[in-house]
Every structure is written in C-alpha cells, then in structure tokens.
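The data block below is model14.txt; it holds compact mmCIF, N, CA and C atoms.
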```txt
# COMPACT_ATOMS: atom_id res chain seq x y z
N MET A 1 49.99 85.56 123.02
CA MET A 1 48.77 84.85 123.26
C MET A 1 47.89 84.99 122.02
N SER A 2 47.05 84.06 121.84
CA SER A 2 46.16 84.03 120.69
C SER A 2 45.35 85.32 120.61
N GLU A 3 44.55 85.61 121.62
CA GLU A 3 43.86 86.89 121.74
C GLU A 3 44.15 87.38 123.14
N PRO A 4 44.54 88.62 123.29
CA PRO A 4 44.90 89.07 124.63
C PRO A 4 43.69 89.09 125.56
N LYS A 5 43.61 88.10 126.41
CA LYS A 5 42.54 88.05 127.41
C LYS A 5 43.20 88.09 128.77
N ARG A 6 42.90 89.08 129.50
CA ARG A 6 43.48 89.22 130.83
C ARG A 6 42.54 88.65 131.89
N TYR A 7 41.25 88.74 131.66
CA TYR A 7 40.26 88.24 132.60
C TYR A 7 39.11 87.63 131.81
N PRO A 8 38.36 86.70 132.41
CA PRO A 8 37.23 86.12 131.67
C PRO A 8 36.21 87.19 131.30
N THR A 9 35.60 87.02 130.15
CA THR A 9 34.65 88.02 129.67
C THR A 9 33.26 87.83 130.27
N ASP A 10 32.96 86.66 130.79
CA ASP A 10 31.66 86.37 131.39
C ASP A 10 31.81 86.38 132.91
N PRO A 11 31.20 87.34 133.59
CA PRO A 11 31.36 87.41 135.04
C PRO A 11 30.77 86.20 135.78
N GLY A 12 29.93 85.41 135.11
CA GLY A 12 29.35 84.22 135.73
C GLY A 12 30.26 83.00 135.68
N VAL A 13 31.39 83.11 134.99
CA VAL A 13 32.33 81.98 134.84
C VAL A 13 33.36 82.03 135.96
N ILE A 14 33.56 80.90 136.60
CA ILE A 14 34.60 80.77 137.62
C ILE A 14 35.77 80.05 136.98
N THR A 15 36.95 80.64 137.09
CA THR A 15 38.12 80.03 136.47
C THR A 15 39.04 79.41 137.51
N VAL A 16 39.80 78.42 137.04
CA VAL A 16 40.78 77.73 137.88
C VAL A 16 42.11 77.67 137.13
N HIS A 17 43.17 77.45 137.89
CA HIS A 17 44.51 77.40 137.31
C HIS A 17 44.68 76.13 136.48
N LEU A 18 45.06 76.29 135.23
CA LEU A 18 45.31 75.16 134.35
C LEU A 18 46.77 74.74 134.41
N GLY A 19 47.66 75.69 134.50
CA GLY A 19 49.08 75.37 134.56
C GLY A 19 49.94 76.54 134.15
N GLN A 20 51.24 76.33 134.24
CA GLN A 20 52.22 77.34 133.86
C GLN A 20 53.03 76.77 132.71
N PHE A 21 53.14 77.53 131.63
CA PHE A 21 53.70 77.02 130.39
C PHE A 21 54.67 78.01 129.78
N THR A 22 55.52 77.51 128.89
CA THR A 22 56.37 78.42 128.12
C THR A 22 55.45 79.28 127.26
N ARG A 23 55.95 80.38 126.80
CA ARG A 23 55.14 81.28 125.98
C ARG A 23 54.66 80.56 124.71
N ASP A 24 55.52 79.78 124.07
CA ASP A 24 55.12 79.06 122.86
C ASP A 24 54.00 78.08 123.13
N HIS A 25 54.16 77.27 124.18
CA HIS A 25 53.10 76.32 124.53
C HIS A 25 51.82 77.05 124.91
N ALA A 26 51.94 78.12 125.68
CA ALA A 26 50.76 78.88 126.11
C ALA A 26 50.01 79.43 124.90
N ASN A 27 50.74 79.92 123.90
CA ASN A 27 50.09 80.43 122.69
C ASN A 27 49.32 79.34 121.96
N THR A 28 49.92 78.18 121.84
CA THR A 28 49.26 77.07 121.16
C THR A 28 48.05 76.60 121.94
N ILE A 29 48.21 76.45 123.25
CA ILE A 29 47.09 76.03 124.10
C ILE A 29 45.96 77.04 124.03
N ALA A 30 46.30 78.32 124.10
CA ALA A 30 45.28 79.37 124.05
C ALA A 30 44.48 79.30 122.75
N GLY A 31 45.16 79.07 121.65
CA GLY A 31 44.47 78.95 120.37
C GLY A 31 43.50 77.78 120.35
N ARG A 32 43.93 76.67 120.93
CA ARG A 32 43.05 75.48 120.96
C ARG A 32 41.90 75.66 121.95
N LEU A 33 42.14 76.38 123.04
CA LEU A 33 41.04 76.68 123.97
C LEU A 33 40.00 77.55 123.26
N GLU A 34 40.48 78.52 122.49
CA GLU A 34 39.57 79.37 121.71
C GLU A 34 38.73 78.53 120.75
N GLU A 35 39.40 77.63 120.01
CA GLU A 35 38.70 76.78 119.05
C GLU A 35 37.63 75.94 119.72
N ALA A 36 37.91 75.50 120.96
CA ALA A 36 36.97 74.66 121.70
C ALA A 36 35.89 75.48 122.40
N GLY A 37 36.02 76.80 122.36
CA GLY A 37 35.04 77.67 123.02
C GLY A 37 35.15 77.67 124.53
N ILE A 38 36.34 77.40 125.04
CA ILE A 38 36.57 77.38 126.49
C ILE A 38 37.04 78.76 126.94
N VAL A 39 36.38 79.32 127.94
CA VAL A 39 36.78 80.63 128.49
C VAL A 39 38.12 80.46 129.18
N TRP A 40 39.03 81.40 128.90
CA TRP A 40 40.36 81.34 129.50
C TRP A 40 40.91 82.75 129.69
N TRP A 41 41.94 82.84 130.50
CA TRP A 41 42.70 84.07 130.62
C TRP A 41 44.10 83.70 131.07
N TYR A 42 45.00 84.65 131.06
CA TYR A 42 46.39 84.36 131.39
C TYR A 42 46.95 85.41 132.33
N LYS A 43 48.07 85.04 132.94
CA LYS A 43 48.80 85.98 133.79
C LYS A 43 50.29 85.74 133.57
N GLU A 44 50.95 86.80 133.21
CA GLU A 44 52.39 86.73 133.04
C GLU A 44 53.06 87.19 134.33
N PRO A 45 54.29 86.76 134.57
CA PRO A 45 55.00 87.21 135.77
C PRO A 45 55.18 88.72 135.75
N GLY A 46 55.16 89.32 136.93
CA GLY A 46 55.40 90.75 137.05
C GLY A 46 56.86 91.08 136.84
N SER A 47 57.16 92.35 136.84
CA SER A 47 58.54 92.77 136.54
C SER A 47 59.54 92.23 137.58
N ILE A 48 59.14 92.11 138.82
CA ILE A 48 60.06 91.59 139.84
C ILE A 48 60.01 90.07 139.89
N SER A 49 58.81 89.48 139.82
CA SER A 49 58.70 88.02 139.94
C SER A 49 59.26 87.28 138.74
N ARG A 50 59.58 87.98 137.66
CA ARG A 50 60.22 87.34 136.50
C ARG A 50 61.54 86.69 136.90
N ILE A 51 62.12 87.16 137.99
CA ILE A 51 63.40 86.62 138.45
C ILE A 51 63.25 85.15 138.81
N TRP A 52 62.16 84.77 139.46
CA TRP A 52 61.99 83.38 139.89
C TRP A 52 60.85 82.63 139.20
N GLU A 53 59.99 83.33 138.49
CA GLU A 53 58.90 82.67 137.78
C GLU A 53 59.23 82.57 136.30
N TYR A 54 58.78 81.49 135.69
CA TYR A 54 58.97 81.35 134.25
C TYR A 54 57.60 81.23 133.60
N GLY A 55 57.53 81.57 132.36
CA GLY A 55 56.35 81.28 131.56
C GLY A 55 55.09 82.04 131.92
N VAL A 56 54.01 81.52 131.37
CA VAL A 56 52.69 82.14 131.45
C VAL A 56 51.75 81.19 132.19
N ARG A 57 50.98 81.72 133.13
CA ARG A 57 49.98 80.89 133.82
C ARG A 57 48.64 81.05 133.10
N LEU A 58 48.01 79.92 132.81
CA LEU A 58 46.71 79.93 132.15
C LEU A 58 45.63 79.51 133.13
N PHE A 59 44.47 80.14 133.01
CA PHE A 59 43.31 79.85 133.84
C PHE A 59 42.14 79.56 132.90
N VAL A 60 41.30 78.59 133.26
CA VAL A 60 40.19 78.20 132.39
C VAL A 60 38.90 78.05 133.19
N ASP A 61 37.80 78.01 132.47
CA ASP A 61 36.48 77.77 133.05
C ASP A 61 36.51 76.48 133.87
N ARG A 62 36.15 76.59 135.13
CA ARG A 62 36.17 75.45 136.05
C ARG A 62 35.34 74.28 135.52
N ASP A 63 34.22 74.57 134.86
CA ASP A 63 33.33 73.52 134.38
C ASP A 63 33.90 72.77 133.18
N ARG A 64 34.95 73.31 132.57
CA ARG A 64 35.53 72.67 131.38
C ARG A 64 37.00 72.32 131.58
N LEU A 65 37.38 72.16 132.84
CA LEU A 65 38.77 71.88 133.18
C LEU A 65 39.27 70.58 132.56
N ASP A 66 38.46 69.52 132.57
CA ASP A 66 38.90 68.25 132.00
C ASP A 66 39.18 68.38 130.51
N GLU A 67 38.33 69.11 129.80
CA GLU A 67 38.56 69.34 128.37
C GLU A 67 39.85 70.12 128.15
N ALA A 68 40.06 71.13 128.98
CA ALA A 68 41.26 71.96 128.87
C ALA A 68 42.52 71.13 129.15
N ARG A 69 42.45 70.25 130.12
CA ARG A 69 43.60 69.38 130.42
C ARG A 69 43.91 68.45 129.25
N ALA A 70 42.88 67.97 128.58
CA ALA A 70 43.08 67.12 127.40
C ALA A 70 43.77 67.91 126.29
N ILE A 71 43.40 69.17 126.14
CA ILE A 71 44.05 70.03 125.14
C ILE A 71 45.52 70.21 125.48
N VAL A 72 45.82 70.46 126.75
CA VAL A 72 47.21 70.61 127.18
C VAL A 72 47.99 69.34 126.88
N ALA A 73 47.42 68.20 127.22
CA ALA A 73 48.11 66.92 126.97
C ALA A 73 48.41 66.75 125.48
N ALA A 74 47.45 67.09 124.63
CA ALA A 74 47.65 66.96 123.19
C ALA A 74 48.75 67.91 122.70
N VAL A 75 48.74 69.14 123.18
CA VAL A 75 49.75 70.12 122.77
C VAL A 75 51.14 69.67 123.21
N LEU A 76 51.25 69.22 124.45
CA LEU A 76 52.56 68.81 124.95
C LEU A 76 53.03 67.53 124.28
N ASP A 77 52.11 66.62 123.95
CA ASP A 77 52.49 65.41 123.22
C ASP A 77 52.98 65.75 121.82
N ASP A 78 52.31 66.72 121.17
CA ASP A 78 52.73 67.15 119.83
C ASP A 78 54.13 67.76 119.86
N ALA A 79 54.47 68.39 120.99
CA ALA A 79 55.75 69.08 121.11
C ALA A 79 56.89 68.13 121.47
N SER A 80 56.56 66.92 121.90
CA SER A 80 57.59 65.96 122.28
C SER A 80 58.34 65.46 121.05
N PRO A 81 59.66 65.27 121.19
CA PRO A 81 60.45 64.79 120.03
C PRO A 81 60.14 63.35 119.69
```

Let me see the structure of the file written as structure tokens.
Amino acid sequence: MSEPKRYPTDPGVITVHLGQFTRDHANTIAGRLEEAGIVWWYKEPGSISRIWEYGVRLFVDRDRLDEARAIVAAVLDDASP
C-alpha cells in the first residue's frame, strides 16, 4: 500500500467500501487517493480467509465516494490491454 493506513485518521470521517482489488491495483488506487486528499484505509484477508478471499479491500470517505470511484475507473482503464 502507498502508506500503511489501517483505519481513517479522522474520527469524524465515515468510510464505505470502495471495492476489492489485486494488490497491484490497490497500491495504485491508494496512491491516487492520497494525491486527491481522500481519506482511505484497507483490509487484507486474514490468515484463514485467504483461502477464499482474494486481494485487498479498500474503504474511502463516504462524502468522496464518487471521486474515489472515478479514480478506480481510471486505474482499471489504464491497466486494460
């Protein structure tokens, strides 16, 4: 991850699930969220749930969800062949 954030730093921010991504995509998205000043955090699968879960789940500031979704779309479009 760009900067290891496990939970939002501002207790007044409510976060929502943005999506579940490969580690590479999550790193790129996290970097762009940082650049945009969007509060975010992540959750990786636990040692047992790794069996059925893949990737990293990202959570973002509820008030900036549309901006975060646009960032995801741009990252995934850039990654398309």

Write out as a ChimeraX atom specification all residues of chain A that backbone DSSP assigns to alpha helix (DSSP H).
/A:23-36,65-79

What gap, in Å, lies between atom N of Ile29 of chain A and atom C of Ala68 of chain A?
9.8 Å

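Taking atom CA of Val72 of chain A as the reference point, atom CA of Lys43 of chain A is found at 16.8 Å.
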
Polymer residues at most 6.5 Å from Val13 of chain A, all atoms listed in the file, same-chain spacing of 3 or more positions, as a VMD selection string:
chain A and resid 10 61 to 62

Out of A:Ile14, A:Ala26, A:Arg32, A:Gly19, which residue has the shortest atom-to-atom distance to Ile71 of chain A when counting only N, CA and C atoms?
A:Arg32

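Proximity to Pro11 of chain A was assessed for A:Val39, A:Ala73, A:Trp52, A:Thr28 counting only C-alpha atoms; the smallest distance is recorded for A:Val39.
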
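Closest approach to Ala36 of chain A among A:Leu18, A:Leu65, A:Ile48, A:Leu76: A:Leu65, based on only C-alpha atoms.
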
Using only C-alpha atoms: which of A:Thr22, A:Asp78, A:Glu53, A:Ile38 has the shortest distance to Asp66 of chain A
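That would be A:Ile38, the residue with the smallest distance to Asp66 of chain A.
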
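Distances here use only N, CA and C atoms; by that measure, the residue among A:Asp77, A:Gly55, A:Trp40, A:Ser47 closest to Asp24 of chain A is A:Gly55.
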
Sel. of strand (DSSP E or B) residues, chain A, as a PyMOL selection string
chain A and resi 15-21+40-43+56-61

Mind dumping the selected residues with N, CA and C atoms as a PDB file, in the coordinates of the input?
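Result saved to selection.pdb:
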```
ATOM      1  N   THR A  15      36.950  80.640 137.090  1.00  0.00           N
ATOM      2  CA  THR A  15      38.120  80.030 136.470  1.00  0.00           C
ATOM      3  C   THR A  15      39.040  79.410 137.510  1.00  0.00           C
ATOM      4  N   VAL A  16      39.800  78.420 137.040  1.00  0.00           N
ATOM      5  CA  VAL A  16      40.780  77.730 137.880  1.00  0.00           C
ATOM      6  C   VAL A  16      42.110  77.670 137.130  1.00  0.00           C
ATOM      7  N   HIS A  17      43.170  77.450 137.890  1.00  0.00           N
ATOM      8  CA  HIS A  17      44.510  77.400 137.310  1.00  0.00           C
ATOM      9  C   HIS A  17      44.680  76.130 136.480  1.00  0.00           C
ATOM     10  N   LEU A  18      45.060  76.290 135.230  1.00  0.00           N
ATOM     11  CA  LEU A  18      45.310  75.160 134.350  1.00  0.00           C
ATOM     12  C   LEU A  18      46.770  74.740 134.410  1.00  0.00           C
ATOM     13  N   GLY A  19      47.660  75.690 134.500  1.00  0.00           N
ATOM     14  CA  GLY A  19      49.080  75.370 134.560  1.00  0.00           C
ATOM     15  C   GLY A  19      49.940  76.540 134.150  1.00  0.00           C
ATOM     16  N   GLN A  20      51.240  76.330 134.240  1.00  0.00           N
ATOM     17  CA  GLN A  20      52.220  77.340 133.860  1.00  0.00           C
ATOM     18  C   GLN A  20      53.030  76.770 132.710  1.00  0.00           C
ATOM     19  N   PHE A  21      53.140  77.530 131.630  1.00  0.00           N
ATOM     20  CA  PHE A  21      53.700  77.020 130.390  1.00  0.00           C
ATOM     21  C   PHE A  21      54.670  78.010 129.780  1.00  0.00           C
ATOM     22  N   TRP A  40      39.030  81.400 128.900  1.00  0.00           N
ATOM     23  CA  TRP A  40      40.360  81.340 129.500  1.00  0.00           C
ATOM     24  C   TRP A  40      40.910  82.750 129.690  1.00  0.00           C
ATOM     25  N   TRP A  41      41.940  82.840 130.500  1.00  0.00           N
ATOM     26  CA  TRP A  41      42.700  84.070 130.620  1.00  0.00           C
ATOM     27  C   TRP A  41      44.100  83.700 131.070  1.00  0.00           C
ATOM     28  N   TYR A  42      45.000  84.650 131.060  1.00  0.00           N
ATOM     29  CA  TYR A  42      46.390  84.360 131.390  1.00  0.00           C
ATOM     30  C   TYR A  42      46.950  85.410 132.330  1.00  0.00           C
ATOM     31  N   LYS A  43      48.070  85.040 132.940  1.00  0.00           N
ATOM     32  CA  LYS A  43      48.800  85.980 133.790  1.00  0.00           C
ATOM     33  C   LYS A  43      50.290  85.740 133.570  1.00  0.00           C
ATOM     34  N   VAL A  56      54.010  81.520 131.370  1.00  0.00           N
ATOM     35  CA  VAL A  56      52.690  82.140 131.450  1.00  0.00           C
ATOM     36  C   VAL A  56      51.750  81.190 132.190  1.00  0.00           C
ATOM     37  N   ARG A  57      50.980  81.720 133.130  1.00  0.00           N
ATOM     38  CA  ARG A  57      49.980  80.890 133.820  1.00  0.00           C
ATOM     39  C   ARG A  57      48.640  81.050 133.100  1.00  0.00           C
ATOM     40  N   LEU A  58      48.010  79.920 132.810  1.00  0.00           N
ATOM     41  CA  LEU A  58      46.710  79.930 132.150  1.00  0.00           C
ATOM     42  C   LEU A  58      45.630  79.510 133.130  1.00  0.00           C
ATOM     43  N   PHE A  59      44.470  80.140 133.010  1.00  0.00           N
ATOM     44  CA  PHE A  59      43.310  79.850 133.840  1.00  0.00           C
ATOM     45  C   PHE A  59      42.140  79.560 132.900  1.00  0.00           C
ATOM     46  N   VAL A  60      41.300  78.590 133.260  1.00  0.00           N
ATOM     47  CA  VAL A  60      40.190  78.200 132.390  1.00  0.00           C
ATOM     48  C   VAL A  60      38.900  78.050 133.190  1.00  0.00           C
ATOM     49  N   ASP A  61      37.800  78.010 132.470  1.00  0.00           N
ATOM     50  CA  ASP A  61      36.480  77.770 133.050  1.00  0.00           C
ATOM     51  C   ASP A  61      36.510  76.480 133.870  1.00  0.00           C
TER      52      ASP A  61
END
```

Any idea what the distance is between atom CA of Arg23 of chain A and atom CA of Val56 of chain A?
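Between atom CA of Arg23 of chain A and atom CA of Val56 of chain A the gap is 6.1 Å.
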